[in-house]
Structures are given as structure tokens and as C-alpha cells.
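Shown here: my_file_26.txt, compact mmCIF, C-alpha atoms and all ligand atoms.
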```
# COMPACT_ATOMS: atom_id res chain seq x y z
CA MET A 783 0.00 0.00 0.00
CA ALA A 784 1.25 3.47 -0.85
CA ILE A 785 0.85 6.98 0.51
CA LEU A 786 -0.32 9.52 -2.06
CA VAL A 787 1.27 12.96 -1.62
CA LEU A 788 -0.53 15.66 -3.60
CA GLY A 789 1.69 18.67 -4.15
CA GLY A 790 4.78 16.58 -3.35
CA ALA A 791 7.01 18.74 -5.59
CA GLY A 792 6.41 21.86 -3.48
CA TYR A 793 8.34 23.11 -0.47
CA ILE A 794 6.69 21.33 2.47
CA GLY A 795 5.40 18.47 0.29
CA SER A 796 8.87 17.57 -1.03
CA HIS A 797 10.32 17.54 2.50
CA THR A 798 7.48 15.28 3.67
CA VAL A 799 8.18 12.88 0.78
CA TYR A 800 11.86 12.71 1.82
CA GLU A 801 10.86 11.86 5.42
CA LEU A 802 8.33 9.24 4.24
CA ILE A 803 10.91 7.55 1.98
CA GLU A 804 13.52 7.66 4.78
CA ALA A 805 10.91 5.97 7.03
CA GLY A 806 10.60 3.16 4.44
CA ARG A 807 7.17 4.10 3.07
CA ASP A 808 6.02 3.53 -0.50
CA VAL A 809 5.20 6.97 -1.91
CA VAL A 810 3.27 8.23 -4.94
CA VAL A 811 3.62 11.93 -5.76
CA VAL A 812 1.15 13.97 -7.79
CA ASP A 813 1.96 17.55 -8.76
CA ASN A 814 0.91 19.72 -11.70
CA LEU A 815 4.30 21.51 -11.50
CA LEU A 816 2.67 24.95 -11.69
CA THR A 817 4.54 26.01 -8.56
CA GLY A 818 6.42 22.79 -7.70
CA PHE A 819 9.70 21.49 -9.13
CA ARG A 820 10.24 18.06 -10.68
CA GLU A 821 13.80 18.13 -9.24
CA ALA A 822 12.35 18.35 -5.72
CA VAL A 823 10.63 14.96 -6.01
CA HIS A 824 12.55 12.17 -4.28
CA PRO A 825 13.90 9.74 -6.91
CA LYS A 826 12.34 6.78 -5.07
CA ALA A 827 8.80 8.22 -5.24
CA ARG A 828 6.55 7.33 -8.23
CA PHE A 829 5.70 10.62 -9.90
CA TYR A 830 2.57 11.58 -11.85
CA GLN A 831 2.26 15.02 -13.39
CA ALA A 832 -1.47 15.54 -12.89
CA ASP A 833 -3.94 18.12 -11.67
CA ILE A 834 -6.28 17.51 -8.74
CA ARG A 835 -8.96 19.56 -10.52
CA LYS A 836 -9.19 16.87 -13.22
CA ARG A 837 -11.39 14.02 -12.08
CA GLU A 838 -10.21 11.57 -14.76
CA GLU A 839 -6.57 12.14 -13.79
CA MET A 840 -7.31 11.54 -10.10
CA ASP A 841 -9.44 8.46 -10.86
CA ARG A 842 -6.64 7.01 -13.00
CA ILE A 843 -4.17 7.33 -10.12
CA PHE A 844 -6.52 5.73 -7.56
CA GLU A 845 -7.18 2.91 -10.06
CA THR A 846 -3.48 2.34 -10.87
CA GLU A 847 -2.01 2.62 -7.36
CA HIS A 848 -3.12 0.99 -4.10
CA ILE A 849 -3.50 4.10 -1.96
CA ASP A 850 -3.86 3.71 1.78
CA GLY A 851 -3.83 7.38 2.79
CA VAL A 852 -3.50 10.83 1.24
CA ILE A 853 -1.42 13.84 2.29
CA HIS A 854 -2.77 16.94 0.59
CA PHE A 855 -0.48 19.94 -0.09
CA ALA A 856 -1.76 20.79 -3.58
CA ALA A 857 -2.88 24.41 -3.30
CA PHE A 858 -1.90 27.97 -4.12
CA SER A 859 -0.39 29.67 -1.08
CA GLN A 860 0.44 33.32 -1.72
CA VAL A 861 -1.51 35.62 0.56
CA GLY A 862 -1.03 38.75 -1.60
CA GLU A 863 -2.05 37.02 -4.82
CA SER A 864 -5.13 35.57 -3.11
CA MET A 865 -6.30 39.12 -2.43
CA THR A 866 -5.85 40.33 -6.03
CA ASN A 867 -7.01 37.10 -7.70
CA PRO A 868 -9.37 35.36 -5.25
CA LEU A 869 -11.10 33.24 -7.89
CA LYS A 870 -7.78 31.59 -8.79
CA TYR A 871 -7.68 30.43 -5.15
CA TYR A 872 -11.31 29.28 -5.06
CA ASP A 873 -10.75 27.36 -8.30
CA ASN A 874 -7.56 25.52 -7.34
CA ASN A 875 -7.84 25.22 -3.56
CA MET A 876 -11.55 24.53 -3.09
CA GLY A 877 -12.30 23.30 -6.62
CA GLY A 878 -9.30 20.95 -6.56
CA THR A 879 -10.19 19.63 -3.11
CA THR A 880 -13.78 19.00 -4.20
CA VAL A 881 -12.63 16.81 -7.09
CA LEU A 882 -10.02 15.07 -4.92
CA LEU A 883 -12.58 14.20 -2.22
CA GLN A 884 -15.07 12.97 -4.84
CA SER A 885 -12.44 10.67 -6.30
CA MET A 886 -11.35 9.46 -2.83
CA VAL A 887 -14.97 8.64 -1.87
CA ALA A 888 -15.51 6.82 -5.18
CA HIS A 889 -12.41 4.69 -4.55
CA GLY A 890 -12.96 4.05 -0.84
CA VAL A 891 -9.85 5.97 0.31
CA ASP A 892 -10.84 7.23 3.75
CA LYS A 893 -7.82 8.93 5.38
CA ILE A 894 -6.40 12.35 4.57
CA VAL A 895 -3.81 14.60 6.23
CA PHE A 896 -4.25 18.20 5.17
CA SER A 897 -1.80 21.07 4.93
CA SER A 898 -3.57 23.96 6.66
CA THR A 899 -2.28 27.24 8.05
CA ALA A 900 -2.22 29.73 10.89
CA ALA A 901 -3.88 32.10 8.38
CA THR A 902 -7.16 30.32 9.28
CA TYR A 903 -7.14 32.26 12.59
CA GLY A 904 -6.75 35.78 11.21
CA GLU A 905 -6.09 38.35 13.95
CA PRO A 906 -5.66 36.12 17.00
CA GLU A 907 -7.76 36.62 20.12
CA ARG A 908 -4.83 35.57 22.33
CA ILE A 909 -1.21 34.36 22.22
CA PRO A 910 -0.34 31.50 22.10
CA ILE A 911 -3.15 30.43 19.76
CA LEU A 912 -5.12 27.30 20.62
CA GLU A 913 -6.92 25.13 18.06
CA SER A 914 -10.24 25.97 19.75
CA ASP A 915 -9.75 29.73 19.24
CA ALA A 916 -11.92 31.64 16.76
CA THR A 917 -11.10 31.29 13.04
CA ARG A 918 -11.65 34.59 11.24
CA PRO A 919 -9.26 34.69 8.25
CA THR A 920 -8.15 38.14 7.13
CA ASN A 921 -7.19 37.02 3.61
CA CYS A 922 -8.65 34.86 0.86
CA TYR A 923 -5.86 32.26 1.11
CA GLY A 924 -6.70 31.58 4.79
CA GLU A 925 -10.41 31.56 3.94
CA THR A 926 -9.94 28.86 1.28
CA LYS A 927 -7.82 26.72 3.64
CA LEU A 928 -10.48 26.97 6.35
CA ALA A 929 -13.15 26.05 3.80
CA MET A 930 -11.05 23.03 2.71
CA GLU A 931 -10.93 21.89 6.36
CA GLN A 932 -14.74 22.19 6.48
CA MET A 933 -15.09 20.23 3.23
CA MET A 934 -13.16 17.36 4.83
CA LYS A 935 -15.22 17.59 8.00
CA TRP A 936 -18.59 17.31 6.23
CA THR A 937 -17.33 14.71 3.73
CA GLY A 938 -16.22 12.74 6.79
CA VAL A 939 -19.68 12.98 8.34
CA ALA A 940 -21.34 11.71 5.16
CA HIS A 941 -18.80 9.13 4.00
CA ALA A 942 -16.87 7.95 7.08
CA MET A 943 -13.68 9.64 5.85
CA ARG A 944 -11.29 10.83 8.58
CA TYR A 945 -8.94 13.79 8.31
CA VAL A 946 -6.23 15.62 10.23
CA ALA A 947 -5.68 19.30 9.43
CA LEU A 948 -2.24 20.63 10.39
CA ARG A 949 -2.18 24.40 10.85
CA TYR A 950 1.41 25.48 10.28
CA PHE A 951 2.92 28.69 11.51
CA ASN A 952 6.01 29.99 9.60
CA ALA A 953 7.69 27.13 7.74
CA CYS A 954 11.41 27.62 7.08
CA GLY A 955 14.75 25.84 6.76
CA ALA A 956 15.82 23.06 4.40
CA HIS A 957 16.48 19.31 4.35
CA ALA A 958 19.76 18.25 5.99
CA SER A 959 20.89 16.45 2.79
CA GLY A 960 21.15 19.81 0.97
CA LYS A 961 19.18 18.29 -1.94
CA ILE A 962 15.93 20.20 -1.44
CA GLY A 963 14.92 23.51 0.10
CA GLU A 964 12.63 26.49 -0.26
CA ALA A 965 12.10 27.85 -3.79
CA HIS A 966 9.18 30.11 -4.63
CA ASP A 967 8.74 32.26 -7.70
CA PRO A 968 8.15 35.02 -6.84
CA GLU A 969 9.61 34.71 -3.32
CA THR A 970 7.54 36.47 -0.67
CA HIS A 971 8.73 34.87 2.59
CA LEU A 972 10.94 36.64 5.08
CA ILE A 973 13.87 34.25 5.60
CA PRO A 974 14.58 33.44 1.91
CA LEU A 975 14.26 37.15 1.07
CA ILE A 976 16.72 38.09 3.84
CA LEU A 977 19.18 35.48 2.53
CA GLN A 978 19.00 36.96 -0.98
CA VAL A 979 21.03 39.88 0.42
CA PRO A 980 24.20 37.89 1.34
CA ASN A 981 23.63 35.94 -1.89
CA GLY A 982 23.99 39.21 -3.84
CA ARG A 983 20.47 39.05 -5.31
CA ARG A 984 19.10 42.13 -3.48
CA ASP A 985 20.86 44.97 -1.70
CA HIS A 986 18.61 45.22 1.38
CA ILE A 987 15.66 43.62 3.14
CA SER A 988 12.44 45.61 3.54
CA VAL A 989 10.86 45.55 6.99
CA PHE A 990 7.09 45.78 6.62
CA GLY A 991 6.16 48.14 9.44
CA ASN A 992 7.83 49.02 12.75
CA ASP A 993 4.80 50.47 14.52
CA TYR A 994 3.14 47.26 15.67
CA PRO A 995 2.41 46.75 19.38
CA THR A 996 5.37 44.37 19.82
CA LYS A 997 8.68 44.69 21.67
CA ASP A 998 10.54 46.38 18.79
CA GLY A 999 7.53 47.40 16.68
CA THR A 1000 8.00 44.67 14.03
CA CYS A 1001 5.73 41.64 13.56
CA VAL A 1002 6.19 38.54 15.70
CA ARG A 1003 6.04 35.09 14.09
CA ASP A 1004 6.61 31.48 15.17
CA TYR A 1005 9.26 29.93 12.87
CA ILE A 1006 9.18 26.15 12.51
CA HIS A 1007 11.59 23.92 10.58
CA VAL A 1008 10.15 22.26 7.48
CA SER A 1009 11.56 18.83 8.50
CA ASP A 1010 9.71 19.08 11.83
CA LEU A 1011 6.53 19.88 9.89
CA ALA A 1012 7.23 16.89 7.63
CA GLN A 1013 7.53 14.57 10.65
CA ALA A 1014 4.16 15.78 11.93
CA HIS A 1015 2.49 14.59 8.69
CA ILE A 1016 3.82 11.07 9.19
CA LEU A 1017 2.65 11.07 12.82
CA ALA A 1018 -0.78 12.36 11.73
CA LEU A 1019 -1.07 9.64 9.09
CA ASP A 1020 -0.13 6.95 11.62
CA TYR A 1021 -2.64 8.45 14.05
CA LEU A 1022 -5.40 8.03 11.44
CA MET A 1023 -4.18 4.55 10.51
CA ASN A 1024 -4.41 3.59 14.20
CA GLY A 1025 -8.07 4.65 14.26
CA GLY A 1026 -7.66 8.28 15.47
CA GLU A 1027 -10.64 10.62 15.11
CA SER A 1028 -10.65 13.61 12.75
CA ASP A 1029 -8.92 16.57 14.38
CA VAL A 1030 -7.02 19.84 13.90
CA PHE A 1031 -3.50 20.56 15.25
CA ASN A 1032 -1.30 23.65 15.38
CA LEU A 1033 2.38 23.21 14.48
CA GLY A 1034 4.86 25.79 15.71
CA ASN A 1035 7.70 26.15 18.21
CA GLY A 1036 5.61 28.27 20.59
CA VAL A 1037 8.27 31.01 20.59
CA GLY A 1038 7.83 34.29 18.75
CA PHE A 1039 10.57 36.30 17.01
CA THR A 1040 10.25 39.80 15.62
CA VAL A 1041 11.27 40.58 12.02
CA ASN A 1042 14.26 42.55 13.40
CA GLU A 1043 15.34 39.57 15.51
CA VAL A 1044 15.20 37.26 12.48
CA ILE A 1045 17.36 39.71 10.48
CA ASP A 1046 19.87 39.86 13.37
CA VAL A 1047 20.09 36.06 13.51
CA ALA A 1048 20.68 35.99 9.73
CA ARG A 1049 23.48 38.58 10.11
CA LYS A 1050 25.13 36.34 12.70
CA VAL A 1051 24.72 33.16 10.63
CA THR A 1052 25.93 34.65 7.33
CA GLY A 1053 28.47 37.18 8.63
CA HIS A 1054 26.92 39.75 6.24
CA PRO A 1055 25.68 43.17 7.48
CA ILE A 1056 22.27 42.71 5.67
CA PRO A 1057 21.01 46.32 5.46
CA ALA A 1058 17.35 46.71 6.43
CA GLU A 1059 14.90 49.47 5.40
CA VAL A 1060 11.61 50.15 7.13
CA CYS A 1061 8.63 50.25 4.73
CA PRO A 1062 4.88 50.62 5.27
CA ARG A 1063 2.96 47.71 6.78
CA ARG A 1064 1.89 44.88 4.46
CA ALA A 1065 -1.92 44.59 4.25
CA GLY A 1066 -3.46 41.76 6.27
CA ASP A 1067 -0.44 41.06 8.53
CA PRO A 1068 -1.47 40.32 12.14
CA ALA A 1069 0.95 41.79 14.72
CA GLN A 1070 1.68 38.43 16.35
CA LEU A 1071 1.17 34.77 15.45
CA VAL A 1072 2.51 32.24 17.94
CA ALA A 1073 1.23 28.67 18.26
CA SER A 1074 0.39 26.51 21.17
CA SER A 1075 1.39 23.07 19.84
CA GLU A 1076 0.70 21.25 23.09
CA LYS A 1077 -2.11 19.28 21.48
CA ALA A 1078 0.10 17.93 18.66
CA LYS A 1079 2.76 17.00 21.23
CA LYS A 1080 0.27 15.25 23.47
CA VAL A 1081 -1.98 13.51 20.92
CA LEU A 1082 0.43 12.86 18.03
CA GLY A 1083 3.63 12.57 20.09
CA TRP A 1084 5.24 15.31 17.96
CA LYS A 1085 8.65 16.58 19.15
CA PRO A 1086 10.18 19.33 17.01
CA LYS A 1087 13.96 18.84 16.73
CA TYR A 1088 14.85 22.36 15.61
CA ASP A 1089 13.78 24.67 18.41
CA ASP A 1090 16.55 27.20 17.95
CA LEU A 1091 16.21 29.98 15.34
CA GLU A 1092 19.94 30.15 14.64
CA THR A 1093 20.04 26.46 13.65
CA ILE A 1094 16.92 26.92 11.51
CA VAL A 1095 18.36 29.96 9.68
CA ALA A 1096 21.71 28.14 9.26
CA SER A 1097 19.86 25.25 7.60
CA ALA A 1098 18.09 27.69 5.24
CA TRP A 1099 21.41 29.42 4.49
CA ALA A 1100 23.13 26.12 3.62
CA TRP A 1101 20.47 25.56 0.92
CA HIS A 1102 20.25 29.13 -0.42
CA ARG A 1103 24.03 29.58 -0.54
CA SER A 1104 24.44 26.46 -2.66
CA HIS A 1105 21.25 27.14 -4.71
CA PRO A 1106 20.98 30.93 -5.15
CA ASN A 1107 18.65 30.29 -8.11
CA GLY A 1108 16.72 27.46 -6.44
CA PHE A 1109 16.37 24.24 -8.42
CA ALA A 1110 17.84 25.90 -11.53
CA ASP A 1111 21.23 25.33 -9.84
N1 LIG A 1201 8.19 40.50 6.12
C1 LIG A 1201 8.99 41.65 6.02
N2 LIG A 1201 9.67 41.83 4.87
C2 LIG A 1201 9.62 40.98 3.80
C3 LIG A 1201 8.81 39.82 3.92
C4 LIG A 1201 8.11 39.61 5.09
O1 LIG A 1201 9.07 42.45 6.95
O2 LIG A 1201 10.26 41.25 2.78
C5 LIG A 1201 7.47 40.27 7.38
C6 LIG A 1201 5.97 40.09 7.21
O3 LIG A 1201 5.32 41.33 7.27
C7 LIG A 1201 5.63 39.18 8.40
C8 LIG A 1201 6.89 38.35 8.59
O4 LIG A 1201 7.93 39.04 7.90
O5 LIG A 1201 5.43 39.97 9.56
C9 LIG A 1201 6.78 36.95 8.02
O6 LIG A 1201 6.28 37.07 6.70
P1 LIG A 1201 6.21 35.84 5.70
O7 LIG A 1201 5.67 36.34 4.40
O8 LIG A 1201 7.51 35.12 5.68
O9 LIG A 1201 5.17 34.84 6.40
P2 LIG A 1201 3.66 35.06 6.89
O10 LIG A 1201 3.75 35.45 8.34
O11 LIG A 1201 3.01 36.07 6.03
O12 LIG A 1201 3.06 33.68 6.74
```

Render the structure in this file as C-alpha cells.
Amino acid sequence: MAILVLGGAGYIGSHTVYELIEAGRDVVVVDNLLTGFREAVHPKARFYQADIRKREEMDRIFETEHIDGVIHFAAFSQVGESMTNPLKYYDNNMGGTTVLLQSMVAHGVDKIVFSSTAATYGEPERIPILESDATRPTNCYGETKLAMEQMMKWTGVAHAMRYVALRYFNACGAHASGKIGEAHDPETHLIPLILQVPNGRRDHISVFGNDYPTKDGTCVRDYIHVSDLAQAHILALDYLMNGGESDVFNLGNGVGFTVNEVIDVARKVTGHPIPAEVCPRRAGDPAQLVASSEKAKKVLGWKPKYDDLETIVASAWAWHRSHPNGFAD
């Protein structure tokens, strides 16, 4: 029996495939390669270039492979783009998930681990954020991810499918092998953008606002290593395979760092002065997002290995220094 990873050529998906293969699992990867990279797919995974919005393509995979469980990363994930082109997000994220769930029901595949996000909470009511806190997304991306969680919930009620939604905070870092890492086009995330400065690809980093109610005025985020996120998907799948009920879990380190603190850590790791310039706030950015991951630790037995920001940034730097142009290198 194999695990089907949808979006397994993307950043978090490709790292999860590496962990699954290292754990001895049989893995099938599906990706339409719109934002993923063929080079990011582990050579031992069976790869299908297919689109989850196409029912016949999904049916063909479920008929060809013996799929025991699904891990679903296949979605668009840029907050800014979701605000200027919301229908692109409804089409791929919700439309794609609708077709996927229809095909899973038709083929009797009843377990799914889903890549969700802290963006489902919107402006948090308290820090750290608990899974039971209110979900009021402030952008269309977070809204589609929350709707995808709800689609799994109601499909589960009707068809006895079980799901785990993993709400990640700020994913960063790269696989220890140096073979895969973060590569987005365009890049919008803080740590890879900071590291473009010592890589000679930009001359400074922009700091989006320094008038937030935080200790130095810049936004606070909870940075979590991508390999720790990947491990959580395997634990969530095993939880479902052992009969666990559908549930939602936060994944973060539970420690917040300001944008200025992240830049300082990157200066230390790279030895480069990394000039920073304060710019206006970015629309839709909450002041603070920090997870309580106690539930994932207790129920799934999750233990993040990388709890130190310097080690996380060093792991990102090892990848970006050797791949300044991402997978094109
Ligand atoms: N950020 C910034 N400059 C940049 C990119 C991001 O100051 O060039 C800030 C952003 O406003 C947020 C934090 O860095 O407070 C993390 O942003 P990112 O896009 O990496 O992740 P998000 O928190 O949006 O998921």
C-alpha cells in the first residue's frame, strides 16, 4: 500500500516525501508543476504530473495505485495574490479539493492529512493560539484553507472519511541532505528574502512596518523547521491509521521572534551586514502569530527537533548559498 502525496514537488510536500521515503514508506507523488519542481521529487517516489482539478486524472491514479492514505499539499499559497485574484484560489484550492474528495470517496480511500495554516485564525484573540480559538481569516488564502478543512469535515460525516488538518505557523529551513529547500517564484517569505542579500540578489531587506504593538515594533512570528513539519504529517497519518478521530492541530515552536530579531540572527549566521529598510505595513499582517502546539505534542507525540532559530536559519542558508537560483542550480 502506498501513501499519495498531492503537491509533493512543493516546499513542504517535497520535505514530507523525503521523510516518508527515509521511514521506508512507499510513496506516490502527484503535482501539476505549476509552482512545484520536478527536481524536488525524491527519486524513489513514483511521480505523476497531474492536476487535482481533473477528475479523470485523479481516478486514474486511484485505479493504478493501491492508496492507503493521502497527504494533501496541492494548493496555491500566496496571501497577496489571493487578495488580487481570489477566484484563482477558489478554483484551485476549493475546486481541486472538491474533485479530490469525490475521487477518494468513489475509490474508498478514507484517510487524509491536510496542509492547513495559521492564516485560518486571522487576527488572534490571544497568544499562544489554541486550536479551539476563533477562526476569522483576514485574507482569501486563509479563507480557502479553512473552507477546505470544512469540506473534509462534512465529507467525513457523510462518508466515514477521517482527516487531520495541520495548521502550520512559519515554515522555514531546508532538508539536511542539501538536496531540497525552499524555492518560490516570486519569493515572498521573510527568511529566503533576507538570505537573498548575502547571496547578492538584493541589496537590502524591507521591513514591513515598525509600529506594531510588539517589543521592537516589528511583527512577531513562530518559525518552525520544514523537516519538523514533515515529521508531523507522518505522525498524523499513523494516528489516522491507528483509528484516530478527525482533528485539527497547530504546528509551531511556541516562541515568537520579531522581524528585526530574524534579520539579526541571519546577520550572525551569514556574517553579512544585511542592510534593512523600514517600509509601510503589508496589508493583512497580524501583529503576532505564535502557536500553542501542546495538542500535537500530546496527541500525536510530535517533538520538534529544531527549536533554535539560529540552527533553523543556518539550515536555510546552507540551501540558499548552494542554490541561489533554487532548483535551476
Ligand atoms: N516581512 C517583512 N519583509 C519581507 C517579507 C516579510 O518584513 O520582505 C514580514 C511580514 O510582514 C511578516 C513576517 O515578515 O510579519 C513573516 O512574513 P512571511 O511572508 O515570511 O510569512 P507570513 O507570516 O506572512 O506567513

Got a sec to check which residues lie within 9 Å of ligand LIG 1201 (chain A), using all atoms listed in the file, and send them as a PDB file with C-alpha atoms, in the frame of the given file?
```
ATOM      1  CA  GLN A 860       0.440  33.320  -1.720  1.00  0.00           C
ATOM      2  CA  VAL A 861      -1.510  35.620   0.560  1.00  0.00           C
ATOM      3  CA  THR A 899      -2.280  27.240   8.050  1.00  0.00           C
ATOM      4  CA  ALA A 900      -2.220  29.730  10.890  1.00  0.00           C
ATOM      5  CA  ALA A 901      -3.880  32.100   8.380  1.00  0.00           C
ATOM      6  CA  PHE A 951       2.920  28.690  11.510  1.00  0.00           C
ATOM      7  CA  ASN A 952       6.010  29.990   9.600  1.00  0.00           C
ATOM      8  CA  ALA A 953       7.690  27.130   7.740  1.00  0.00           C
ATOM      9  CA  CYS A 954      11.410  27.620   7.080  1.00  0.00           C
ATOM     10  CA  GLU A 969       9.610  34.710  -3.320  1.00  0.00           C
ATOM     11  CA  THR A 970       7.540  36.470  -0.670  1.00  0.00           C
ATOM     12  CA  HIS A 971       8.730  34.870   2.590  1.00  0.00           C
ATOM     13  CA  LEU A 972      10.940  36.640   5.080  1.00  0.00           C
ATOM     14  CA  ILE A 973      13.870  34.250   5.600  1.00  0.00           C
ATOM     15  CA  PRO A 974      14.580  33.440   1.910  1.00  0.00           C
ATOM     16  CA  LEU A 975      14.260  37.150   1.070  1.00  0.00           C
ATOM     17  CA  ILE A 976      16.720  38.090   3.840  1.00  0.00           C
ATOM     18  CA  ILE A 987      15.660  43.620   3.140  1.00  0.00           C
ATOM     19  CA  SER A 988      12.440  45.610   3.540  1.00  0.00           C
ATOM     20  CA  VAL A 989      10.860  45.550   6.990  1.00  0.00           C
ATOM     21  CA  PHE A 990       7.090  45.780   6.620  1.00  0.00           C
ATOM     22  CA  GLY A 991       6.160  48.140   9.440  1.00  0.00           C
ATOM     23  CA  ASN A 992       7.830  49.020  12.750  1.00  0.00           C
ATOM     24  CA  THR A1000       8.000  44.670  14.030  1.00  0.00           C
ATOM     25  CA  CYS A1001       5.730  41.640  13.560  1.00  0.00           C
ATOM     26  CA  VAL A1002       6.190  38.540  15.700  1.00  0.00           C
ATOM     27  CA  ARG A1003       6.040  35.090  14.090  1.00  0.00           C
ATOM     28  CA  ASP A1004       6.610  31.480  15.170  1.00  0.00           C
ATOM     29  CA  TYR A1005       9.260  29.930  12.870  1.00  0.00           C
ATOM     30  CA  THR A1040      10.250  39.800  15.620  1.00  0.00           C
ATOM     31  CA  VAL A1041      11.270  40.580  12.020  1.00  0.00           C
ATOM     32  CA  ASN A1042      14.260  42.550  13.400  1.00  0.00           C
ATOM     33  CA  VAL A1044      15.200  37.260  12.480  1.00  0.00           C
ATOM     34  CA  VAL A1060      11.610  50.150   7.130  1.00  0.00           C
ATOM     35  CA  CYS A1061       8.630  50.250   4.730  1.00  0.00           C
ATOM     36  CA  ARG A1063       2.960  47.710   6.780  1.00  0.00           C
ATOM     37  CA  ARG A1064       1.890  44.880   4.460  1.00  0.00           C
ATOM     38  CA  ALA A1065      -1.920  44.590   4.250  1.00  0.00           C
ATOM     39  CA  GLY A1066      -3.460  41.760   6.270  1.00  0.00           C
ATOM     40  CA  ASP A1067      -0.440  41.060   8.530  1.00  0.00           C
ATOM     41  CA  PRO A1068      -1.470  40.320  12.140  1.00  0.00           C
ATOM     42  CA  ALA A1069       0.950  41.790  14.720  1.00  0.00           C
ATOM     43  CA  GLN A1070       1.680  38.430  16.350  1.00  0.00           C
ATOM     44  CA  LEU A1071       1.170  34.770  15.450  1.00  0.00           C
TER      45      LEU A1071
END
```

Handout entry: Residues near stretch 885-888 of chain A, cut-off 9 Å, all atoms listed in the file, skip fewer than 2 positions along chain, as JSON, numbers by chain
Key = {"A": [837, 838, 840, 841, 844, 852, 880, 881, 882, 883, 890, 891, 892, 893, 937, 941, 943]}

Exercise for the section: Go through A:Asp915, A:Asp813, A:Glu925, A:Asp833 and flag the residue nearest A:Asn874, using all atoms listed in the file for the distances. Expected result: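 Distance minimum relative to A:Asn874 lands on A:Asp833.
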
Handout entry: Polymer residues at most 12 Å from A:Pro868, only C-alpha atoms, same-chain spacing of 2 or more positions, as a list of chain:residue names
Key =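 Close residues of A:Pro868: A:Phe858, A:Ser859, A:Gln860, A:Val861, A:Gly862, A:Glu863, A:Ser864, A:Met865, A:Thr866, A:Lys870, A:Tyr871, A:Tyr872, A:Asp873, A:Asn874, A:Asn875, A:Met876, A:Asn921, A:Cys922, A:Tyr923, A:Gly924, A:Glu925, A:Thr926.
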
Practice task
Have a look at A:Ala940, A:Ala916, A:Leu1033, A:Leu788 and name the one nearest to A:Arg828; count all atoms listed in the file.
Solution key: A:Leu788

Handout entry: d(atom CA of A:Ala1110, atom CA of A:His1015) in Å
Key = 27.8 Å

Practice task
Could you jot down the atom CA of A:Ala1073 to atom CA of A:Thr798 separation for me, Å, one decimal place?
Solution key: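 So the answer is 20.8 Å.
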
Practice task
Tell me, as a ChimeraX atom specification, which residues lie within 12 Å of A:Gly1025, counting all atoms listed in the file; anything in the same chain fewer than 2 positions away does not count.
Solution key: /A:892-893,942-946,1018-1023,1027-1029

Exercise for the section: Mind checking which residues fall within 12 Å of A:Lys1080, counting all atoms listed in the file, ignoring those fewer than 3 positions away in the same chain, and posting them as a PyMOL selection string? Expected result: chain A and resi 1017+1021+1031-1032+1074-1077+1083-1085

Exercise for the section: Excluding stretch 1096-1102 of chain A and residues on its chain fewer than 6 positions from it, collect all residues at most 12 Å away from it, counting all atoms listed in the file, and give them as a VMD selection string. Expected result: chain A and resid 953 to 966 972 to 983 1005 to 1009 1044 1047 to 1054 1088 1090 1108 to 1111

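Candidate residues A:Asp808, A:Gly1038, A:Tyr830, A:Val895 were compared for distance to A:Gly1026, and the nearest is A:Val895, using all atoms listed in the file.
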
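Nearest residue to A:Ala1014, choosing from A:Ala1078, A:Asn1035, A:Ile911, A:Pro1055 and counting all atoms listed in the file: A:Ala1078.
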
Problem - Point-to-point distance from atom CA of A:Val1037 to atom CA of A:Val1072, Å rounded to tenths - result: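 About the pair atom CA of A:Val1037 and atom CA of A:Val1072: they are 6.5 Å apart.
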
Exercise for the section: Rank nothing, just name the residue among A:Ala1012, A:Leu948, A:Val1081, A:Ile843 nearest to A:Ser796, using all atoms listed in the file. Expected result: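 Nearest to A:Ser796: A:Ala1012.
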
My structure is short of atoms at stretch 922-933 of chain A; please model N, CA, C and O atoms there, returning them as a PDB file, in the frame of the given file.
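Wrote part15.pdb, looks like this:
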```pdb
ATOM      1  N   CYS A 922      -7.907  35.883   1.619  1.00  0.00           N
ATOM      2  CA  CYS A 922      -8.650  34.860   0.860  1.00  0.00           C
ATOM      3  C   CYS A 922      -7.936  33.505   0.942  1.00  0.00           C
ATOM      4  O   CYS A 922      -8.584  32.456   0.984  1.00  0.00           O
ATOM      5  N   TYR A 923      -6.601  33.525   0.980  1.00  0.00           N
ATOM      6  CA  TYR A 923      -5.860  32.260   1.110  1.00  0.00           C
ATOM      7  C   TYR A 923      -6.307  31.514   2.372  1.00  0.00           C
ATOM      8  O   TYR A 923      -6.677  30.335   2.319  1.00  0.00           O
ATOM      9  N   GLY A 924      -6.302  32.212   3.530  1.00  0.00           N
ATOM     10  CA  GLY A 924      -6.700  31.580   4.790  1.00  0.00           C
ATOM     11  C   GLY A 924      -8.157  31.121   4.738  1.00  0.00           C
ATOM     12  O   GLY A 924      -8.513  30.063   5.268  1.00  0.00           O
ATOM     13  N   GLU A 925      -8.985  31.914   4.063  1.00  0.00           N
ATOM     14  CA  GLU A 925     -10.410  31.560   3.940  1.00  0.00           C
ATOM     15  C   GLU A 925     -10.565  30.250   3.150  1.00  0.00           C
ATOM     16  O   GLU A 925     -11.370  29.389   3.522  1.00  0.00           O
ATOM     17  N   THR A 926      -9.799  30.102   2.062  1.00  0.00           N
ATOM     18  CA  THR A 926      -9.940  28.860   1.280  1.00  0.00           C
ATOM     19  C   THR A 926      -9.431  27.659   2.077  1.00  0.00           C
ATOM     20  O   THR A 926     -10.012  26.579   2.023  1.00  0.00           O
ATOM     21  N   LYS A 927      -8.350  27.845   2.862  1.00  0.00           N
ATOM     22  CA  LYS A 927      -7.820  26.720   3.640  1.00  0.00           C
ATOM     23  C   LYS A 927      -8.821  26.301   4.728  1.00  0.00           C
ATOM     24  O   LYS A 927      -9.010  25.113   4.991  1.00  0.00           O
ATOM     25  N   LEU A 928      -9.471  27.291   5.335  1.00  0.00           N
ATOM     26  CA  LEU A 928     -10.480  26.970   6.350  1.00  0.00           C
ATOM     27  C   LEU A 928     -11.656  26.232   5.700  1.00  0.00           C
ATOM     28  O   LEU A 928     -12.163  25.240   6.245  1.00  0.00           O
ATOM     29  N   ALA A 929     -12.046  26.710   4.514  1.00  0.00           N
ATOM     30  CA  ALA A 929     -13.150  26.050   3.800  1.00  0.00           C
ATOM     31  C   ALA A 929     -12.761  24.615   3.422  1.00  0.00           C
ATOM     32  O   ALA A 929     -13.590  23.699   3.485  1.00  0.00           O
ATOM     33  N   MET A 930     -11.499  24.399   3.058  1.00  0.00           N
ATOM     34  CA  MET A 930     -11.050  23.030   2.710  1.00  0.00           C
ATOM     35  C   MET A 930     -11.135  22.130   3.954  1.00  0.00           C
ATOM     36  O   MET A 930     -11.541  20.969   3.868  1.00  0.00           O
ATOM     37  N   GLU A 931     -10.779  22.674   5.121  1.00  0.00           N
ATOM     38  CA  GLU A 931     -10.930  21.890   6.360  1.00  0.00           C
ATOM     39  C   GLU A 931     -12.407  21.495   6.537  1.00  0.00           C
ATOM     40  O   GLU A 931     -12.722  20.354   6.877  1.00  0.00           O
ATOM     41  N   GLN A 932     -13.305  22.462   6.308  1.00  0.00           N
ATOM     42  CA  GLN A 932     -14.740  22.190   6.480  1.00  0.00           C
ATOM     43  C   GLN A 932     -15.243  21.165   5.467  1.00  0.00           C
ATOM     44  O   GLN A 932     -16.092  20.333   5.782  1.00  0.00           O
ATOM     45  N   MET A 933     -14.683  21.216   4.244  1.00  0.00           N
ATOM     46  CA  MET A 933     -15.090  20.230   3.230  1.00  0.00           C
ATOM     47  C   MET A 933     -14.746  18.824   3.697  1.00  0.00           C
ATOM     48  O   MET A 933     -15.513  17.881   3.512  1.00  0.00           O
TER      49      MET A 933
END
```
